[in-house]
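J.: A single structure is presented below for examination.
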Amino acid sequence: MFVKNGDEFVRVATNVKKDDGSRAIGTVLDPKGKAIAAIAKGESFYGDVDILGKPYTTGYEPIRDARNNIIGVYYVGYLKD
């Protein structure tokens with residue numbers, strides 16, 4: 001799960017792990033990635049992306065507030081073998 005912070009989306013809960021084995025909390029959604037391009041248009045994204053240097057199959061859905069502003073992103077994904 002990502003929360004919008006300025007122009008970025010910051011991971012606040014995740015199953016993605018960094019190289020040291022810790023959860024990737026506090027990292028940001030790739031600002032040049034395919035997922036953010038879809039989210040910026042208010043759309044969902046499903047597909048393969050690179051996360052912290054590793055291939056994942058993913059799904060991203062925008063989270064909206066009562067005014068329909070995007071305030072976060074739901075993420076599901078798994079590491080590809």
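Ordering of the structure tokens sets the chain letters (A, B, ...), residue numbers begin anew at 1 in every chain, and ligands are numbered from 1 in the order given.
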What parts of chain A does DSSP call strand (DSSP E)? I'd like the answer as a compact mmCIF listing (two decimals) with all heavy atoms, in the first residue's frame.

T.:
# COMPACT_ATOMS: atom_id res chain seq x y z
N PHE A 2 0.51 2.20 -0.82
CA PHE A 2 1.25 3.45 -0.93
C PHE A 2 0.35 4.61 -0.49
O PHE A 2 -0.86 4.58 -0.74
CB PHE A 2 1.64 3.72 -2.39
CG PHE A 2 2.59 2.73 -2.98
CD1 PHE A 2 2.15 1.53 -3.49
CD2 PHE A 2 3.95 3.01 -3.03
CE1 PHE A 2 3.03 0.63 -4.06
CE2 PHE A 2 4.84 2.11 -3.60
CZ PHE A 2 4.37 0.92 -4.10
N VAL A 3 0.95 5.63 0.11
CA VAL A 3 0.25 6.85 0.48
C VAL A 3 0.88 8.00 -0.29
O VAL A 3 2.11 8.09 -0.40
CB VAL A 3 0.36 7.11 2.00
CG1 VAL A 3 -0.20 8.47 2.36
CG2 VAL A 3 -0.36 6.01 2.77
N LYS A 4 0.04 8.88 -0.81
CA LYS A 4 0.55 10.03 -1.58
C LYS A 4 1.22 11.01 -0.63
O LYS A 4 0.68 11.38 0.41
CB LYS A 4 -0.58 10.71 -2.34
CG LYS A 4 -0.06 11.77 -3.29
CD LYS A 4 -1.13 12.27 -4.22
CE LYS A 4 -0.48 13.22 -5.22
NZ LYS A 4 -1.46 13.75 -6.15
N ASN A 5 2.41 11.44 -1.02
CA ASN A 5 3.18 12.42 -0.27
C ASN A 5 3.77 13.39 -1.29
O ASN A 5 4.77 13.07 -1.92
CB ASN A 5 4.26 11.74 0.56
CG ASN A 5 5.04 12.70 1.42
OD1 ASN A 5 4.66 13.86 1.58
ND2 ASN A 5 6.14 12.23 1.97
N GLU A 8 4.90 12.08 -4.85
CA GLU A 8 5.34 10.69 -4.75
C GLU A 8 4.31 9.83 -4.04
O GLU A 8 3.43 10.34 -3.34
CB GLU A 8 6.66 10.60 -3.97
CG GLU A 8 7.81 11.31 -4.61
CD GLU A 8 9.08 11.17 -3.79
OE1 GLU A 8 9.01 11.19 -2.54
OE2 GLU A 8 10.13 11.04 -4.41
N PHE A 9 4.45 8.53 -4.21
CA PHE A 9 3.66 7.56 -3.48
C PHE A 9 4.64 6.70 -2.67
O PHE A 9 5.50 6.04 -3.24
CB PHE A 9 2.83 6.70 -4.43
CG PHE A 9 1.71 7.46 -5.07
CD1 PHE A 9 1.91 8.10 -6.28
CD2 PHE A 9 0.47 7.55 -4.46
CE1 PHE A 9 0.89 8.82 -6.88
CE2 PHE A 9 -0.56 8.27 -5.05
CZ PHE A 9 -0.34 8.91 -6.26
N VAL A 10 4.49 6.73 -1.34
CA VAL A 10 5.43 6.08 -0.43
C VAL A 10 4.83 4.79 0.11
O VAL A 10 3.68 4.77 0.56
CB VAL A 10 5.78 7.03 0.74
CG1 VAL A 10 6.76 6.37 1.70
CG2 VAL A 10 6.35 8.35 0.21
N ARG A 11 5.62 3.71 0.09
CA ARG A 11 5.16 2.42 0.62
C ARG A 11 5.02 2.51 2.14
O ARG A 11 5.97 2.86 2.83
CB ARG A 11 6.16 1.31 0.30
CG ARG A 11 6.10 0.80 -1.10
CD ARG A 11 7.09 -0.37 -1.32
NE ARG A 11 7.06 -0.79 -2.69
CZ ARG A 11 7.81 -0.26 -3.66
NH1 ARG A 11 8.67 0.69 -3.39
NH2 ARG A 11 7.71 -0.70 -4.89
N PHE A 45 -3.22 -0.55 -13.08
CA PHE A 45 -2.15 -1.16 -13.88
C PHE A 45 -1.97 -2.60 -13.42
O PHE A 45 -1.88 -2.87 -12.22
CB PHE A 45 -0.83 -0.41 -13.72
CG PHE A 45 0.31 -1.13 -14.40
CD1 PHE A 45 0.52 -0.97 -15.76
CD2 PHE A 45 1.14 -1.99 -13.70
CE1 PHE A 45 1.53 -1.67 -16.41
CE2 PHE A 45 2.16 -2.68 -14.33
CZ PHE A 45 2.35 -2.51 -15.69
N TYR A 46 -1.89 -3.50 -14.38
CA TYR A 46 -1.59 -4.91 -14.11
C TYR A 46 -0.51 -5.34 -15.08
O TYR A 46 -0.65 -5.14 -16.29
CB TYR A 46 -2.83 -5.79 -14.29
CG TYR A 46 -3.91 -5.44 -13.31
CD1 TYR A 46 -4.92 -4.56 -13.67
CD2 TYR A 46 -3.91 -5.96 -12.03
CE1 TYR A 46 -5.92 -4.21 -12.77
CE2 TYR A 46 -4.90 -5.62 -11.12
CZ TYR A 46 -5.90 -4.75 -11.50
OH TYR A 46 -6.88 -4.41 -10.61
N GLY A 47 0.57 -5.91 -14.56
CA GLY A 47 1.63 -6.38 -15.44
C GLY A 47 2.92 -6.59 -14.70
O GLY A 47 3.00 -6.47 -13.48
N ASP A 48 3.95 -6.89 -15.45
CA ASP A 48 5.27 -7.16 -14.90
C ASP A 48 6.06 -5.85 -14.80
O ASP A 48 6.07 -5.06 -15.73
CB ASP A 48 6.03 -8.15 -15.77
CG ASP A 48 5.38 -9.52 -15.79
OD1 ASP A 48 4.62 -9.84 -14.85
OD2 ASP A 48 5.64 -10.28 -16.73
N VAL A 49 6.67 -5.65 -13.63
CA VAL A 49 7.51 -4.47 -13.41
C VAL A 49 8.74 -4.86 -12.60
O VAL A 49 8.78 -5.90 -11.95
CB VAL A 49 6.76 -3.33 -12.68
CG1 VAL A 49 5.59 -2.83 -13.49
CG2 VAL A 49 6.31 -3.75 -11.30
N ASP A 50 9.73 -3.99 -12.66
CA ASP A 50 10.93 -4.14 -11.84
C ASP A 50 10.71 -3.37 -10.55
O ASP A 50 10.36 -2.19 -10.58
CB ASP A 50 12.12 -3.55 -12.61
CG ASP A 50 13.39 -3.65 -11.82
OD1 ASP A 50 14.04 -4.71 -11.88
OD2 ASP A 50 13.73 -2.66 -11.13
N ILE A 51 10.88 -4.04 -9.42
CA ILE A 51 10.78 -3.39 -8.11
C ILE A 51 12.08 -3.63 -7.37
O ILE A 51 12.44 -4.77 -7.10
CB ILE A 51 9.59 -3.93 -7.29
CG1 ILE A 51 8.28 -3.71 -8.04
CG2 ILE A 51 9.55 -3.25 -5.91
CD1 ILE A 51 7.06 -4.31 -7.35
N LYS A 54 14.24 -6.25 -8.97
CA LYS A 54 13.76 -7.62 -9.13
C LYS A 54 12.44 -7.64 -9.89
O LYS A 54 11.64 -6.72 -9.76
CB LYS A 54 13.58 -8.27 -7.76
CG LYS A 54 14.89 -8.40 -7.01
CD LYS A 54 14.70 -9.02 -5.65
CE LYS A 54 16.04 -9.07 -4.94
NZ LYS A 54 15.89 -9.36 -3.53
N PRO A 55 12.19 -8.71 -10.68
CA PRO A 55 10.96 -8.76 -11.49
C PRO A 55 9.75 -9.24 -10.67
O PRO A 55 9.82 -10.26 -9.98
CB PRO A 55 11.31 -9.78 -12.57
CG PRO A 55 12.29 -10.70 -11.91
CD PRO A 55 13.08 -9.83 -10.96
N TYR A 56 8.67 -8.49 -10.75
CA TYR A 56 7.42 -8.83 -10.06
C TYR A 56 6.27 -8.81 -11.05
O TYR A 56 6.24 -8.00 -11.98
CB TYR A 56 7.11 -7.80 -8.97
CG TYR A 56 7.89 -7.97 -7.70
CD1 TYR A 56 9.20 -7.54 -7.61
CD2 TYR A 56 7.32 -8.55 -6.57
CE1 TYR A 56 9.93 -7.68 -6.44
CE2 TYR A 56 8.03 -8.68 -5.40
CZ TYR A 56 9.34 -8.25 -5.33
OH TYR A 56 10.04 -8.40 -4.18
N THR A 57 5.30 -9.69 -10.82
CA THR A 57 4.01 -9.60 -11.48
C THR A 57 3.11 -8.84 -10.52
O THR A 57 3.02 -9.22 -9.33
CB THR A 57 3.44 -11.00 -11.78
OG1 THR A 57 4.33 -11.65 -12.69
CG2 THR A 57 2.06 -10.92 -12.39
N THR A 58 2.47 -7.77 -11.00
CA THR A 58 1.83 -6.83 -10.09
C THR A 58 0.45 -6.37 -10.54
O THR A 58 0.06 -6.52 -11.69
CB THR A 58 2.69 -5.55 -9.95
OG1 THR A 58 2.71 -4.89 -11.22
CG2 THR A 58 4.09 -5.86 -9.51
N GLY A 59 -0.23 -5.75 -9.59
CA GLY A 59 -1.46 -5.01 -9.84
C GLY A 59 -1.47 -3.79 -8.95
O GLY A 59 -1.12 -3.87 -7.77
N TYR A 60 -1.83 -2.65 -9.51
CA TYR A 60 -1.92 -1.40 -8.78
C TYR A 60 -3.28 -0.77 -9.03
O TYR A 60 -3.73 -0.71 -10.18
CB TYR A 60 -0.85 -0.41 -9.26
CG TYR A 60 0.57 -0.82 -9.00
CD1 TYR A 60 1.24 -1.66 -9.88
CD2 TYR A 60 1.27 -0.36 -7.89
CE1 TYR A 60 2.56 -2.04 -9.67
CE2 TYR A 60 2.59 -0.73 -7.67
CZ TYR A 60 3.22 -1.56 -8.56
OH TYR A 60 4.53 -1.92 -8.35
N GLU A 61 -3.94 -0.30 -7.97
CA GLU A 61 -5.24 0.37 -8.08
C GLU A 61 -5.18 1.68 -7.32
O GLU A 61 -4.70 1.72 -6.18
CB GLU A 61 -6.34 -0.48 -7.43
CG GLU A 61 -6.64 -1.78 -8.12
CD GLU A 61 -7.65 -1.61 -9.22
OE1 GLU A 61 -8.32 -0.57 -9.29
OE2 GLU A 61 -7.75 -2.55 -10.04
N PRO A 62 -5.67 2.77 -7.91
CA PRO A 62 -5.68 4.03 -7.18
C PRO A 62 -6.66 3.99 -6.01
O PRO A 62 -7.70 3.34 -6.09
CB PRO A 62 -6.11 5.06 -8.22
CG PRO A 62 -6.69 4.30 -9.35
CD PRO A 62 -6.19 2.91 -9.27
N ILE A 63 -6.32 4.67 -4.93
CA ILE A 63 -7.21 4.87 -3.78
C ILE A 63 -7.66 6.33 -3.85
O ILE A 63 -6.84 7.23 -3.95
CB ILE A 63 -6.48 4.63 -2.44
CG1 ILE A 63 -5.92 3.21 -2.38
CG2 ILE A 63 -7.41 4.91 -1.27
CD1 ILE A 63 -4.99 2.98 -1.20
N ARG A 64 -8.96 6.54 -3.77
CA ARG A 64 -9.52 7.89 -3.90
C ARG A 64 -10.21 8.34 -2.62
O ARG A 64 -10.76 7.52 -1.90
CB ARG A 64 -10.52 7.93 -5.05
CG ARG A 64 -9.89 7.58 -6.39
CD ARG A 64 -10.93 7.60 -7.50
NE ARG A 64 -10.35 7.23 -8.77
CZ ARG A 64 -9.73 8.07 -9.59
NH1 ARG A 64 -9.61 9.33 -9.27
NH2 ARG A 64 -9.24 7.64 -10.74
N ILE A 70 -6.84 11.16 -5.98
CA ILE A 70 -6.03 9.97 -5.68
C ILE A 70 -5.14 10.28 -4.48
O ILE A 70 -4.34 11.22 -4.52
CB ILE A 70 -5.20 9.55 -6.91
CG1 ILE A 70 -6.13 9.17 -8.06
CG2 ILE A 70 -4.27 8.39 -6.54
CD1 ILE A 70 -5.44 8.91 -9.37
N ILE A 71 -5.31 9.50 -3.42
CA ILE A 71 -4.57 9.73 -2.18
C ILE A 71 -3.62 8.57 -1.84
O ILE A 71 -2.86 8.64 -0.89
CB ILE A 71 -5.52 9.98 -0.99
CG1 ILE A 71 -6.45 8.79 -0.78
CG2 ILE A 71 -6.30 11.27 -1.21
CD1 ILE A 71 -7.26 8.83 0.50
N GLY A 72 -3.69 7.52 -2.62
CA GLY A 72 -2.85 6.36 -2.38
C GLY A 72 -3.01 5.33 -3.47
O GLY A 72 -3.73 5.54 -4.44
N VAL A 73 -2.34 4.20 -3.28
CA VAL A 73 -2.37 3.12 -4.26
C VAL A 73 -2.38 1.78 -3.53
O VAL A 73 -1.57 1.56 -2.62
CB VAL A 73 -1.13 3.18 -5.19
CG1 VAL A 73 -1.14 2.04 -6.18
CG2 VAL A 73 -1.04 4.52 -5.90
N TYR A 74 -3.31 0.92 -3.92
CA TYR A 74 -3.28 -0.47 -3.48
C TYR A 74 -2.34 -1.23 -4.39
O TYR A 74 -2.35 -1.02 -5.61
CB TYR A 74 -4.66 -1.13 -3.59
CG TYR A 74 -5.70 -0.62 -2.66
CD1 TYR A 74 -6.80 0.08 -3.15
CD2 TYR A 74 -5.62 -0.85 -1.29
CE1 TYR A 74 -7.79 0.54 -2.30
CE2 TYR A 74 -6.60 -0.39 -0.44
CZ TYR A 74 -7.69 0.30 -0.95
OH TYR A 74 -8.67 0.76 -0.12
N TYR A 75 -1.56 -2.13 -3.83
CA TYR A 75 -0.62 -2.94 -4.60
C TYR A 75 -0.79 -4.40 -4.21
O TYR A 75 -0.95 -4.73 -3.03
CB TYR A 75 0.82 -2.51 -4.29
CG TYR A 75 1.86 -3.57 -4.57
CD1 TYR A 75 2.40 -3.72 -5.83
CD2 TYR A 75 2.30 -4.43 -3.56
CE1 TYR A 75 3.36 -4.70 -6.09
CE2 TYR A 75 3.24 -5.40 -3.81
CZ TYR A 75 3.76 -5.54 -5.08
OH TYR A 75 4.69 -6.50 -5.33
N VAL A 76 -0.75 -5.27 -5.20
CA VAL A 76 -0.60 -6.71 -4.98
C VAL A 76 0.46 -7.18 -5.97
O VAL A 76 0.57 -6.66 -7.07
CB VAL A 76 -1.91 -7.51 -5.17
CG1 VAL A 76 -2.93 -7.15 -4.12
CG2 VAL A 76 -2.48 -7.33 -6.55
N GLY A 77 1.24 -8.13 -5.55
CA GLY A 77 2.25 -8.64 -6.47
C GLY A 77 3.04 -9.77 -5.86
O GLY A 77 2.97 -10.03 -4.66
N TYR A 78 3.78 -10.44 -6.73
CA TYR A 78 4.65 -11.50 -6.26
C TYR A 78 5.91 -11.52 -7.10
O TYR A 78 5.92 -11.15 -8.27
CB TYR A 78 3.95 -12.86 -6.27
CG TYR A 78 3.50 -13.33 -7.62
CD1 TYR A 78 4.34 -14.10 -8.43
CD2 TYR A 78 2.23 -13.00 -8.10
CE1 TYR A 78 3.93 -14.52 -9.67
CE2 TYR A 78 1.81 -13.44 -9.34
CZ TYR A 78 2.67 -14.20 -10.13
OH TYR A 78 2.25 -14.62 -11.37
N LEU A 79 6.98 -11.94 -6.46
CA LEU A 79 8.27 -12.06 -7.09
C LEU A 79 8.23 -13.18 -8.11
O LEU A 79 7.76 -14.28 -7.83
CB LEU A 79 9.35 -12.34 -6.04
CG LEU A 79 10.80 -12.42 -6.50
CD1 LEU A 79 11.24 -11.10 -7.11
CD2 LEU A 79 11.68 -12.78 -5.32

J.: Tell me, which residues of chain A carry DSSP alpha helix (DSSP H), written as a ChimeraX atom specification?

T.: /A:34-40

J.: Keeping C-alpha atoms for every residue in the selection just given, could you write it to a file as a short mmCIF file (atom, residue, chain, number, x, y, z; two decimals), in the first residue's frame?

T.:
data_model
loop_
_atom_site.label_atom_id
_atom_site.label_comp_id
_atom_site.auth_asym_id
_atom_site.auth_seq_id
_atom_site.Cartn_x
_atom_site.Cartn_y
_atom_site.Cartn_z
CA LYS A 34 4.54 1.86 -15.98
CA ALA A 35 2.41 1.69 -12.84
CA ILE A 36 2.71 5.38 -11.96
CA ALA A 37 1.91 6.35 -15.55
CA ALA A 38 -1.43 4.53 -15.25
CA ILE A 39 -2.15 5.81 -11.73
CA ALA A 40 -1.49 9.42 -12.85
#

J.: Nearest residue to Thr27 (chain A) out of A:Lys41, A:Val12, A:Lys80, A:Arg67, using only C-alpha atoms?

T.: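 Counting only C-alpha atoms, the residue closest to Thr27 (chain A) is A:Val12.
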
J.: Would you mind reading off the distance between CA of Asp30 (chain A) and CA of Thr14 (chain A), one decimal, in Å?

T.: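 Interatomic distance, CA of Asp30 (chain A) to CA of Thr14 (chain A): 14.6 Å.
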
J.: Mind checking which residues fall within 9 Å of Lys18 (chain A), counting only C-alpha atoms, ignoring those fewer than 5 positions away in the same chain, and posting them as a PDB file with all heavy atoms, in the first residue's frame?

T.:
ATOM      1  N   ARG A  23      11.445  -5.324   5.074  1.00  0.00           N
ATOM      2  CA  ARG A  23      10.364  -4.837   4.210  1.00  0.00           C
ATOM      3  C   ARG A  23      10.741  -3.474   3.641  1.00  0.00           C
ATOM      4  O   ARG A  23      11.388  -2.675   4.299  1.00  0.00           O
ATOM      5  CB  ARG A  23       9.059  -4.727   4.984  1.00  0.00           C
ATOM      6  CG  ARG A  23       8.640  -6.024   5.638  1.00  0.00           C
ATOM      7  CD  ARG A  23       7.670  -6.755   4.796  1.00  0.00           C
ATOM      8  NE  ARG A  23       7.375  -8.047   5.438  1.00  0.00           N
ATOM      9  CZ  ARG A  23       6.974  -9.088   4.775  1.00  0.00           C
ATOM     10  NH1 ARG A  23       6.813  -9.021   3.487  1.00  0.00           N
ATOM     11  NH2 ARG A  23       6.730 -10.211   5.383  1.00  0.00           N
ATOM     12  N   ALA A  24      10.299  -3.204   2.418  1.00  0.00           N
ATOM     13  CA  ALA A  24      10.680  -1.976   1.711  1.00  0.00           C
ATOM     14  C   ALA A  24       9.793  -0.785   2.092  1.00  0.00           C
ATOM     15  O   ALA A  24       9.442   0.039   1.264  1.00  0.00           O
ATOM     16  CB  ALA A  24      10.647  -2.212   0.213  1.00  0.00           C
ATOM     17  N   LEU A  52      12.777  -2.554  -7.108  1.00  0.00           N
ATOM     18  CA  LEU A  52      14.059  -2.621  -6.400  1.00  0.00           C
ATOM     19  C   LEU A  52      15.010  -3.621  -7.052  1.00  0.00           C
ATOM     20  O   LEU A  52      15.707  -4.377  -6.383  1.00  0.00           O
ATOM     21  CB  LEU A  52      13.854  -2.931  -4.916  1.00  0.00           C
ATOM     22  CG  LEU A  52      12.952  -1.961  -4.146  1.00  0.00           C
ATOM     23  CD1 LEU A  52      12.772  -2.426  -2.707  1.00  0.00           C
ATOM     24  CD2 LEU A  52      13.501  -0.550  -4.186  1.00  0.00           C
TER      25      LEU A  52
END

J.: Could you tell me how far CA of Pro31 (chain A) sits from CA of Gly6 (chain A), in Å to one decimal place?

T.: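 Going from CA of Gly6 (chain A) over to CA of Pro31 (chain A) covers 12.2 Å.
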
J.: Find the distance between CA of Ala66 (chain A) and CA of Asp7 (chain A) and write it in Å to one decimal.

T.: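 Spanning CA of Ala66 (chain A) to CA of Asp7 (chain A) is a straight-line distance of 19.5 Å.
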
J.: Return the single residue from A:Met1, A:Ser44, A:Lys32, A:Gly53 that is closest to Asn15 (chain A), with distances computed using only C-alpha atoms.

T.: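 Of the candidates, the smallest distance to Asn15 (chain A) is held by A:Met1.
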